[in-house]
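**Student:** Here's a structure for you.
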Amino acid sequence: MRALRYLSLAALTVCLSSSGAQAQGATTPVQWPLHDNGLNDVVQWDHYSFKVNGKRLFVFSGELHYWRIPVPEVWEDLLEKIKAAGFTAFAFYGNWGYHSANNHTLDFTTGGHDFTLLFEIAKRVGLYIIVRPGPYVNAEANAGGFPLWLTTGAYGKLRDDDPRYTAAWKPYFGNYSAITSKHLVTSGGNALVYQIENEYGEQWEGDRNKKVPKLSAARYMAALEASARANGIDVPLIHNDPNMNTKAWSKDFAPNATGNVDVAGLDSYPSCWSCNLDECTGTNGKYVPYQVINYYDHFVETSPTQPSFFPEFQGGSYNPWGGPEGGCPGDIGADFANLFYRNLISQRVTAISLYMMYGGTNWGAFAAPVTATSYDYSSPISENRVIGSKYYETKNLAMFTRVAEDLAVTERLGNSTGYTTNSAVTASELRNPDTKAAFYVTIHSYSPSSTKESFKLHVSTSVGNLTIPQRSGAIVLNGHQSKILVTDFAMGKDILTYSTAEVLTYAIIDGAPVLVLWTGVGETVEFHIKGARSGAVGTTQSTSNATFYRDGHGIVTGVTSVTGLNVLHFDNHVKVIVADKATAYQFWAPNLSNDPFAPVDQSILVQGPYLVRSTAIVGNSTLALTGDSSTSTAIEVFTTKKVAALTWNGKALKTSRTSYGSLKAQIAGFNQTFQLPALDSWKVHDTLPERLSNYDDSGPAWAVADHLTTPNPTKPDTLPVLYVDDYDFHNSFHLFRGYFNGSALAVHLSVQGGLAFGWSAWLNGRLIGSFLGNTTLSAGNLTLPFTNGTVNANGTNVILVAQDNTGHDLRAGAVLPRGILAASLEGSATFHQWKIAGTAGGDEIQLDPVRGPLNEGGLTAERLGWHLPGFDDSSWSSKSPSVGFQGAGIQFYRQVFPLDVPEGLDVSLAFVLGATGSKKVRAQLFINGYQYGRFNPWVGNEVRFPVPPGVLNYAGDNVIGLSVWAQSEEGASLTVHMEKEYVLESSWNSRFDSDYLRPGWTEERLAYA
C-alpha cells in the first residue's frame, strides 16, 4: 500500500489532547495516513505505531554495542536475555573508528569486527533490529566513534557537507549500509529501521519555529540518505533529535525540507545522563529525581502522523571520571524503570529503545574523557552480564507490551486526577478507537512523590462506567510507582473486562487463554472475566482469600493479600494466575517460534528460574527448556496438555502434573566450587627506558616531529607541532623526547590529553614533575624547574614527556588536539629536535587487527607486545606489584595463570585492583592482550574490572599484564586479585573455543623498541 497524502495538521490533531478530564470512552475516529517509504510496504507507520508485514508492532528495544564487548559468542548471551525480557527489538551503534584504522582501511570481518553475526543471532533468537551506523554516534566513545585519523583537522568541518569530510565517510557508511542491506526485513532478515547520523539537530538556523534551513546540514543529511539507499537500504530511515528544542528532520514539521527522514524520533534522559548530577542543568531544566517530562505535546507538534518514537530513552547513566565506585543505580534502578517507562506509554509512545540495555566496558581506547573504563551505565543488564531487579522490572512491562496488541493503536482521551478518588493520584486514559480497549496509566500527581496512596479508579468499559474495585479494597501506588490498568483487554477471543492488578502476559494454551496478573505483595486484586458464569480456585498459597461474584456480564473475582502464585479458573476455560511482585519477577514466556511478535498461541509460561532462554517441544510429549539457575529451584510450567515431561538444559526433570494442569519439577543445584588462581607468580621489567639520555630513539617506533604547520584549527603556541594525531599516533599512551644543548633553568609544558589524563616529565633520566590530572581539566600546564635534574651545560640534554591520553572529546571537540601545545625552556637554550612515539606502526601498520586499532598505546610494553600471549618473559625478574617499587617510573608486571571453568556454567570474573602505597599512580590492566582496565586512584574510584569469557580463556592459560606508573618518587605498589561475580548453571556455556580472539606475540614487534 502506498503512502496516503498528508492531511492538514488541524484535521490530524482533532483527537489530540495533552490534558483534560475523564472522557469515558468517547472518540472521534480519524483517518490517519498510513505511510511507507515508496520502495515497499514491508514496514509501514502512522500516527499510532509501526507495522511490519501488515501487523502492528509495539517496539520495546534496548541498546548494546558490539564493539564494547568484542566476543561474538557473548552477543548471543545478551540477545537471549533481551528476548527473554519480552523485548521485540534491540538497537546498536556502529563505530567507524573501530572498523577503520586509517583512511584507506575498513575491517568488517576480523573477530568482533564482523557485526553480521549480530544479525544472524537476532534472526535465530527472534528480535528486530534498529541499526544506527553513524558516521557519528557519540556514545561517550573516543571522538564519538569517529576514526582518530579524522581528528587532525585535515578533513575540514566534520558533520556537514565539507567535501573532504564527505569523501572520508562515504566508504565506511556505504560499506556498512551494503552489509546491512542483506539482513533487512525486506530481505528476510530482522533489521527494521536504519538511523541517519545521531542526535544531529542541526536542520535550522536560529529559531527552529522560523524553519530557516541550515543548508550545509541539509545537504549532509541528504547525502547520507542517498548513500544508504544506493547501497541497498530500503527500510525506513530514522533520526533521533537530541532534545525537544531541535525539532529536526520531521516531514510533519517541515514537509518539503531537504534531509527529512521517514520517521523522526526523540532522545531523553530525564533522570540525568551522568552520575555527576552537576552535568544535568541543560535542556530539561533543573534536575529533580523522578520528575517526569511532558513529551506528548512535542510529538503532537513535530510528528503527529508518525509513531511517538524514542530511539533513545534513558536506561541508566554513565559514570564519569571521579564518579562513585559501581556507578549510580540509586535513582535509576527498578523504581525508575517502573515509573518512567510506564509514563512514556501514558503519552502514547509506541516505540522505545532503552539506552543502554547492556553498557559493557570501555576496553582499549574506546572511552572518551567523559567516562572511565566502565560503561556499565547502571543498565538492566550489568557490565558483568548479571540481571537483577531493574532487569526484572523492565521485563514485567516489556512482556505486557508484547501481548497488548490494542496498545499499538490508541488515542489519549484524558490526563487528570478526575479519574481517581484520591487527588494525590492522576491517570491518563488511552483508548483503542477500533476495539474500545483502554489503558489507564496511574501515577502520583506529583511524580517525585514516594508516598503510599490508595485509590479507586473511574473507568469506561463495554459493560458500563465503573469505579474499580467495585466490591472491596483499593488500588495502591507504593512509593515511586506507576501502574497500567486495562479494560476490555483481549485474550484471544476472551475479554478481561478490567483488573486492578497489572497484566504481566498471557498465552493461548490448547485454545484457551492463561492470563498472568501481578501486584505488590499483600495487596488486594479485583478483576472481571467477561462471559464467565462461575470461577474456582485451582490451587493457591492463600486459597481462602479468593471470592467470586457473578454479575450480568461475567464474574468479578477478588483476591486479598496476594502472596506467591494463585491459580484461578473459570467455566469459559479462562485461567488466571495472580502473582505477587517477587513471583512475577521470575515469570517467563518463552516462545516456540523465532518470530519477534512471539505469537501468544506459541508461548509457554514458566515460573521459577533466574532466567529462561528458550523452549522447544521434543517429540510429542517433552518440553525442553533452557536457561540459567543459581541454586536448586522449583519450576512450574503452563503448557499444552500433550506435554508430560520437562527437561532443563538437556537434563530430564522429575515432573508431576498439578490438579489445575501445570507441570512442576525441581531444578537441581550444582557444584559452584572451582578454584581461582592466586595471581602470585609475577615477573617484572622496566617499561620506560626512554627516560634515559642514552636511549636510542632512531628506530621505526619514533617519528621525527618536524611539522611547522598543522591542519588542526587549534594552533600550537610553540613549534614544531607536537600533536600526536599529526604524526599518525592516537591511542592511550604517548612519549615525547625533546633535545636541547646548553644551560636551561626550567621547562614550561602545556599538555592536552582530555579529562582525567596525566603526564610526567624527566630530564636526563630524573623526574622533574608530574601533572596528576583531575576530572575538570583536559590540559595540564606546569613550569618545572631543573633543580631535581642535572643539566649538561656543555652537552645534549633530553627531556622525556610521558602522556596518558584519555581519548578525544565528543561532537565538535573531537578535533581538539592531543599532545603538547607548548614547550619552551627558561634560559639560553632552545629545543632543537623532538621525537614522538605511539602505537607500534602508527596508522599504517596494523600489528593486531583482531583487537583492532583502539587497543594499544605507545608504552614500550605495548609496542614490544609484552602484554600478548606467547611473549617470552623468562629473563625477567620475579617480583609482585604488591611489593612494588620506589622512585618515579613505569614497571610492567606479567604472569601466566590457568583457568578451568567447568562445562555447563556461565561464570563472570573480575579483576580487583587496589593502591596500597601512593595514590599518585596510574595503571593499565591487560588480559590476553586486551586493555581491560585503567586504574587511576588519584582521579577515579573504579577498582573492579569485569572481563568477559572469550577475552579470558576459560579452558587454559591466560596472560595478565599490568603497567604501573608511579608519578612521584614515592613509587607505587598495587594489589591484584580475581573474584567471581557470579556462577550460574546455564544453557549458555562460557567455556567456548575462543582462541581466534587471542592472537599471540610475533617477532615483528621487536622492531619497535
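Each chain of the C-alpha cells is named A, B, ... in the order shown, its residues numbered from 1; ligands are numbered from 1 in display order.
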Using DSSP secondary structure from the backbone, list all alpha helix (DSSP H) positions within segment 563-758 of chain A, as a count of residues only.
**Tutor:** 5
**Student:** I'd like the contact shell of Asn138 of chain A - 8 Å cut-off, only C-alpha atoms, skipping same-chain residues fewer than 6 positions apart - returned as a list of chain:residue names.
**Tutor:**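 Counting only C-alpha atoms, the residues come to A:Gly144, A:Gly145, A:Asn198, A:Leu810, A:Arg811.
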**Student:** Hey, can you spit out that residue selection with C-alpha atoms as a PDB file, in the first residue's frame?
**Tutor:**
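Listing of out-v3.pdb after writing:
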ATOM      1  CA  GLY A 144      32.194   9.976  19.407  1.00  0.00           C
ATOM      2  CA  GLY A 145      33.041   6.958  17.254  1.00  0.00           C
ATOM      3  CA  ASN A 198      22.936  10.649  15.523  1.00  0.00           C
ATOM      4  CA  LEU A 810      32.800  14.485  21.611  1.00  0.00           C
ATOM      5  CA  ARG A 811      30.993  16.368  18.842  1.00  0.00           C
TER       6      ARG A 811
END
**Student:** Considering only C-alpha atoms, return as a PDB file with N, CA and C atoms, in the first residue's frame whatever protein or nucleic-acid residues lie within 10 Å of Lys436 of chain A, sequence-local ones (same chain, fewer than 3 positions apart) excluded.
**Tutor:**
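This is the output file selection06.pdb:
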ATOM      1  N   GLY A  25     -14.509   7.161  27.381  1.00  0.00           N
ATOM      2  CA  GLY A  25     -14.508   6.276  26.229  1.00  0.00           C
ATOM      3  C   GLY A  25     -14.917   6.868  24.908  1.00  0.00           C
ATOM      4  N   ALA A  26     -15.262   8.128  24.826  1.00  0.00           N
ATOM      5  CA  ALA A  26     -15.695   8.700  23.553  1.00  0.00           C
ATOM      6  C   ALA A  26     -14.504   9.044  22.700  1.00  0.00           C
ATOM      7  N   THR A  27     -14.535   8.642  21.442  1.00  0.00           N
ATOM      8  CA  THR A  27     -13.502   9.038  20.493  1.00  0.00           C
ATOM      9  C   THR A  27     -14.139   9.411  19.177  1.00  0.00           C
ATOM     10  N   ASP A 406      -3.771  -4.200  21.427  1.00  0.00           N
ATOM     11  CA  ASP A 406      -4.570  -2.977  21.307  1.00  0.00           C
ATOM     12  C   ASP A 406      -3.793  -1.729  21.719  1.00  0.00           C
ATOM     13  N   THR A 410      -3.846   3.644  19.878  1.00  0.00           N
ATOM     14  CA  THR A 410      -4.629   4.340  20.893  1.00  0.00           C
ATOM     15  C   THR A 410      -4.584   5.838  20.672  1.00  0.00           C
ATOM     16  N   LEU A 430      -5.786   5.946  27.691  1.00  0.00           N
ATOM     17  CA  LEU A 430      -5.514   5.629  26.300  1.00  0.00           C
ATOM     18  C   LEU A 430      -6.589   4.658  25.834  1.00  0.00           C
ATOM     19  N   ARG A 431      -7.152   4.924  24.636  1.00  0.00           N
ATOM     20  CA  ARG A 431      -8.228   4.050  24.175  1.00  0.00           C
ATOM     21  C   ARG A 431      -8.031   3.725  22.702  1.00  0.00           C
ATOM     22  N   ASN A 432      -8.219   2.455  22.406  1.00  0.00           N
ATOM     23  CA  ASN A 432      -8.151   1.997  21.030  1.00  0.00           C
ATOM     24  C   ASN A 432      -9.445   2.373  20.335  1.00  0.00           C
ATOM     25  N   PRO A 433      -9.403   3.195  19.272  1.00  0.00           N
ATOM     26  CA  PRO A 433     -10.637   3.665  18.644  1.00  0.00           C
ATOM     27  C   PRO A 433     -11.393   2.568  17.904  1.00  0.00           C
ATOM     28  N   PHE A 439      -6.463   1.678  28.343  1.00  0.00           N
ATOM     29  CA  PHE A 439      -5.317   1.506  29.228  1.00  0.00           C
ATOM     30  C   PHE A 439      -5.233   2.759  30.094  1.00  0.00           C
ATOM     31  N   SER A 460     -14.236   3.407  31.932  1.00  0.00           N
ATOM     32  CA  SER A 460     -15.313   3.174  30.976  1.00  0.00           C
ATOM     33  C   SER A 460     -15.065   1.835  30.306  1.00  0.00           C
ATOM     34  N   THR A 461     -16.031   0.916  30.374  1.00  0.00           N
ATOM     35  CA  THR A 461     -15.857  -0.430  29.843  1.00  0.00           C
ATOM     36  C   THR A 461     -17.034  -0.797  28.959  1.00  0.00           C
ATOM     37  N   SER A 462     -16.937  -1.926  28.329  1.00  0.00           N
ATOM     38  CA  SER A 462     -18.027  -2.420  27.482  1.00  0.00           C
ATOM     39  C   SER A 462     -19.247  -2.811  28.293  1.00  0.00           C
ATOM     40  N   THR A 487      -8.815  -2.136  30.576  1.00  0.00           N
ATOM     41  CA  THR A 487     -10.225  -2.500  30.458  1.00  0.00           C
ATOM     42  C   THR A 487     -10.450  -3.084  29.069  1.00  0.00           C
ATOM     43  N   ASP A 488     -11.329  -4.063  29.000  1.00  0.00           N
ATOM     44  CA  ASP A 488     -11.655  -4.751  27.737  1.00  0.00           C
ATOM     45  C   ASP A 488     -10.388  -5.227  27.039  1.00  0.00           C
ATOM     46  N   PHE A 489      -9.562  -5.892  27.823  1.00  0.00           N
ATOM     47  CA  PHE A 489      -8.292  -6.413  27.327  1.00  0.00           C
ATOM     48  C   PHE A 489      -8.533  -7.753  26.659  1.00  0.00           C
TER      49      PHE A 489
END
**Student:** What are the nearest atom pairs, with distances in Å to one decimal, for all residues of segment 774-884 of chain A that come at most 12 Å from segment 977-988 of chain A, using only C-alpha atoms, set out by chain and rising residue number as CSV?
**Tutor:**
residue,atom,partner,partner_atom,distance
A:Ser880,CA,A:His977,CA,11.8
A:Pro881,CA,A:His977,CA,11.2
A:Ser882,CA,A:His977,CA,10.6
**Student:** At a cut-off of 10 Å, using only C-alpha atoms, what residues contact Trp149 of chain A? Leave out same-chain residues fewer than 6 positions from it and give the result as a ChimeraX atom specification.
**Tutor:** /A:97,100-103,155,725-730,815,843
**Student:** Next, the residues of the selection above should be written as a PDB file, in the first residue's frame with C-alpha atoms.
**Tutor:**
ATOM      1  CA  GLY A  97      36.875   4.216  14.480  1.00  0.00           C
ATOM      2  CA  SER A 100      38.843   1.971  10.196  1.00  0.00           C
ATOM      3  CA  ALA A 101      42.469   2.065  11.322  1.00  0.00           C
ATOM      4  CA  ASN A 102      43.418   4.546   8.602  1.00  0.00           C
ATOM      5  CA  ASN A 103      41.784   6.424   5.759  1.00  0.00           C
ATOM      6  CA  TYR A 155      39.146  16.683   6.742  1.00  0.00           C
ATOM      7  CA  ASP A 725      47.486  12.795  15.654  1.00  0.00           C
ATOM      8  CA  ASP A 726      49.501  14.809  13.125  1.00  0.00           C
ATOM      9  CA  TYR A 727      52.100  12.023  13.240  1.00  0.00           C
ATOM     10  CA  ASP A 728      49.572   9.158  12.924  1.00  0.00           C
ATOM     11  CA  PHE A 729      49.615   8.230  16.621  1.00  0.00           C
ATOM     12  CA  HIS A 730      46.325   8.354  18.501  1.00  0.00           C
ATOM     13  CA  VAL A 815      39.369  17.812  16.703  1.00  0.00           C
ATOM     14  CA  ASP A 843      48.086   4.256  11.461  1.00  0.00           C
TER      15      ASP A 843
END
**Student:** Any chance you could list, as a PyMOL selection string, the residues in segment 9-251 of chain A that come up strand (DSSP E) when DSSP is run on the backbone?
**Tutor:** chain A and resi 43-45+50-52+55-57+59-63+89-93+128-132+191-195+237-241
**Student:** Keeping only C-alpha atoms, write the selected residues to a file as a PDB file, in the first residue's frame.
**Tutor:**
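Done, and the output landed in again_36.pdb:
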ATOM      1  CA  VAL A  43       7.499  -1.646   7.107  1.00  0.00           C
ATOM      2  CA  GLN A  44       4.785   0.995   7.383  1.00  0.00           C
ATOM      3  CA  TRP A  45       3.892   3.547  10.012  1.00  0.00           C
ATOM      4  CA  PHE A  50       4.942   0.777  13.149  1.00  0.00           C
ATOM      5  CA  LYS A  51       3.518  -2.076  11.102  1.00  0.00           C
ATOM      6  CA  VAL A  52       5.610  -4.985   9.856  1.00  0.00           C
ATOM      7  CA  LYS A  55       0.871  -6.339  11.679  1.00  0.00           C
ATOM      8  CA  ARG A  56       1.106  -3.673  14.390  1.00  0.00           C
ATOM      9  CA  LEU A  57       4.319  -3.701  16.411  1.00  0.00           C
ATOM     10  CA  VAL A  59       8.710  -1.597  19.657  1.00  0.00           C
ATOM     11  CA  PHE A  60      10.348  -2.273  23.005  1.00  0.00           C
ATOM     12  CA  SER A  61      14.080  -2.253  22.346  1.00  0.00           C
ATOM     13  CA  GLY A  62      17.337  -1.949  24.222  1.00  0.00           C
ATOM     14  CA  GLU A  63      20.786  -0.868  23.090  1.00  0.00           C
ATOM     15  CA  ALA A  89      13.901  -5.466  19.249  1.00  0.00           C
ATOM     16  CA  PHE A  90      17.373  -4.322  20.127  1.00  0.00           C
ATOM     17  CA  ALA A  91      19.493  -1.454  18.829  1.00  0.00           C
ATOM     18  CA  PHE A  92      23.173  -0.977  18.202  1.00  0.00           C
ATOM     19  CA  TYR A  93      25.563   1.754  17.170  1.00  0.00           C
ATOM     20  CA  TYR A 128      14.016  -6.959  15.281  1.00  0.00           C
ATOM     21  CA  ILE A 129      16.991  -4.622  14.966  1.00  0.00           C
ATOM     22  CA  ILE A 130      17.388  -0.848  14.987  1.00  0.00           C
ATOM     23  CA  VAL A 131      20.660  -0.191  13.137  1.00  0.00           C
ATOM     24  CA  ARG A 132      22.493   3.052  13.949  1.00  0.00           C
ATOM     25  CA  ALA A 191      16.836  -5.183  10.552  1.00  0.00           C
ATOM     26  CA  LEU A 192      13.759  -2.986  10.886  1.00  0.00           C
ATOM     27  CA  VAL A 193      14.889   0.647  10.502  1.00  0.00           C
ATOM     28  CA  TYR A 194      18.144   2.473   9.719  1.00  0.00           C
ATOM     29  CA  GLN A 195      19.255   5.617  11.505  1.00  0.00           C
ATOM     30  CA  LEU A 237      15.230   5.882   7.591  1.00  0.00           C
ATOM     31  CA  ILE A 238      15.005   7.349  11.093  1.00  0.00           C
ATOM     32  CA  HIS A 239      16.658  10.089  13.108  1.00  0.00           C
ATOM     33  CA  ASN A 240      16.828  10.970  16.815  1.00  0.00           C
ATOM     34  CA  ASP A 241      16.585  14.572  17.985  1.00  0.00           C
TER      35      ASP A 241
END
**Student:** Do a neighbour search on Thr583 of chain A at 8 Å with only C-alpha atoms, toss out local chain neighbours closer than 6 positions, and write the hits as an NGL selection string.
**Tutor:** :A and (564-565 or 607-608)
**Student:** Could you turn the residues from that selection into a file that holds N, CA and C atoms, as a compact mmCIF listing (two decimals), in the first residue's frame?
**Tutor:**
# COMPACT_ATOMS: atom_id res chain seq x y z
N GLY A 564 2.73 -14.96 46.70
CA GLY A 564 3.09 -16.11 45.87
C GLY A 564 2.32 -16.17 44.57
N LEU A 565 1.94 -17.38 44.20
CA LEU A 565 1.27 -17.64 42.93
C LEU A 565 -0.09 -18.25 43.20
N GLN A 607 7.45 -20.33 35.56
CA GLN A 607 7.75 -19.57 36.77
C GLN A 607 8.83 -20.30 37.56
N GLY A 608 9.79 -19.50 38.06
CA GLY A 608 10.76 -20.08 38.98
C GLY A 608 12.20 -19.74 38.72
**Student:** What's the separation between atom CA of Asn712 of chain A and atom CA of Tyr172 of chain A, in Å to one decimal place?
**Tutor:**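 It comes out at 22.7 Å.
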**Student:** Restricting the calculation to only C-alpha atoms: of A:His458, A:Arg385, A:Arg471, A:His480, which residue gets closest to Ala337 of chain A?
**Tutor:**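 Looking only at the distances to Ala337 of chain A, the closest residue turns out to be A:His480.
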**Student:** Neighbours of Asp601 of chain A within 10 Å (only C-alpha atoms; same-chain residues fewer than 5 positions away dropped), as an mmCIF file with N, CA and C atoms, in the first residue's frame?
**Tutor:**
data_model
loop_
_atom_site.group_PDB
_atom_site.id
_atom_site.type_symbol
_atom_site.label_atom_id
_atom_site.label_comp_id
_atom_site.auth_asym_id
_atom_site.auth_seq_id
_atom_site.Cartn_x
_atom_site.Cartn_y
_atom_site.Cartn_z
ATOM 1 N N GLY A 492 -7.059 -13.410 23.125
ATOM 2 C CA GLY A 492 -7.653 -14.230 22.078
ATOM 3 C C GLY A 492 -9.099 -13.813 21.894
ATOM 4 N N TYR A 506 0.001 -13.083 28.722
ATOM 5 C CA TYR A 506 -0.922 -14.203 28.611
ATOM 6 C C TYR A 506 -0.471 -15.073 27.456
ATOM 7 N N ALA A 507 -0.945 -16.319 27.481
ATOM 8 C CA ALA A 507 -0.682 -17.269 26.410
ATOM 9 C C ALA A 507 -1.966 -18.002 26.084
ATOM 10 N N ILE A 508 -2.077 -18.408 24.837
ATOM 11 C CA ILE A 508 -3.192 -19.269 24.435
ATOM 12 C C ILE A 508 -2.660 -20.697 24.423
ATOM 13 N N ILE A 509 -3.141 -21.497 25.358
ATOM 14 C CA ILE A 509 -2.660 -22.867 25.526
ATOM 15 C C ILE A 509 -3.822 -23.822 25.321
ATOM 16 N N ASP A 510 -3.669 -24.719 24.372
ATOM 17 C CA ASP A 510 -4.741 -25.640 23.994
ATOM 18 C C ASP A 510 -6.033 -24.880 23.684
ATOM 19 N N GLY A 511 -5.889 -23.746 23.021
ATOM 20 C CA GLY A 511 -7.019 -22.965 22.565
ATOM 21 C C GLY A 511 -7.646 -22.066 23.603
ATOM 22 N N ALA A 512 -7.144 -22.066 24.852
ATOM 23 C CA ALA A 512 -7.743 -21.276 25.924
ATOM 24 C C ALA A 512 -6.697 -20.339 26.528
ATOM 25 N N PRO A 513 -7.100 -19.125 26.951
ATOM 26 C CA PRO A 513 -6.126 -18.183 27.495
ATOM 27 C C PRO A 513 -5.705 -18.506 28.926
ATOM 28 N N ASN A 591 8.927 -18.587 23.716
ATOM 29 C CA ASN A 591 8.071 -18.864 22.566
ATOM 30 C C ASN A 591 8.643 -19.992 21.731
ATOM 31 N N LEU A 592 7.742 -20.759 21.147
ATOM 32 C CA LEU A 592 8.163 -21.880 20.315
ATOM 33 C C LEU A 592 8.660 -21.438 18.946
#
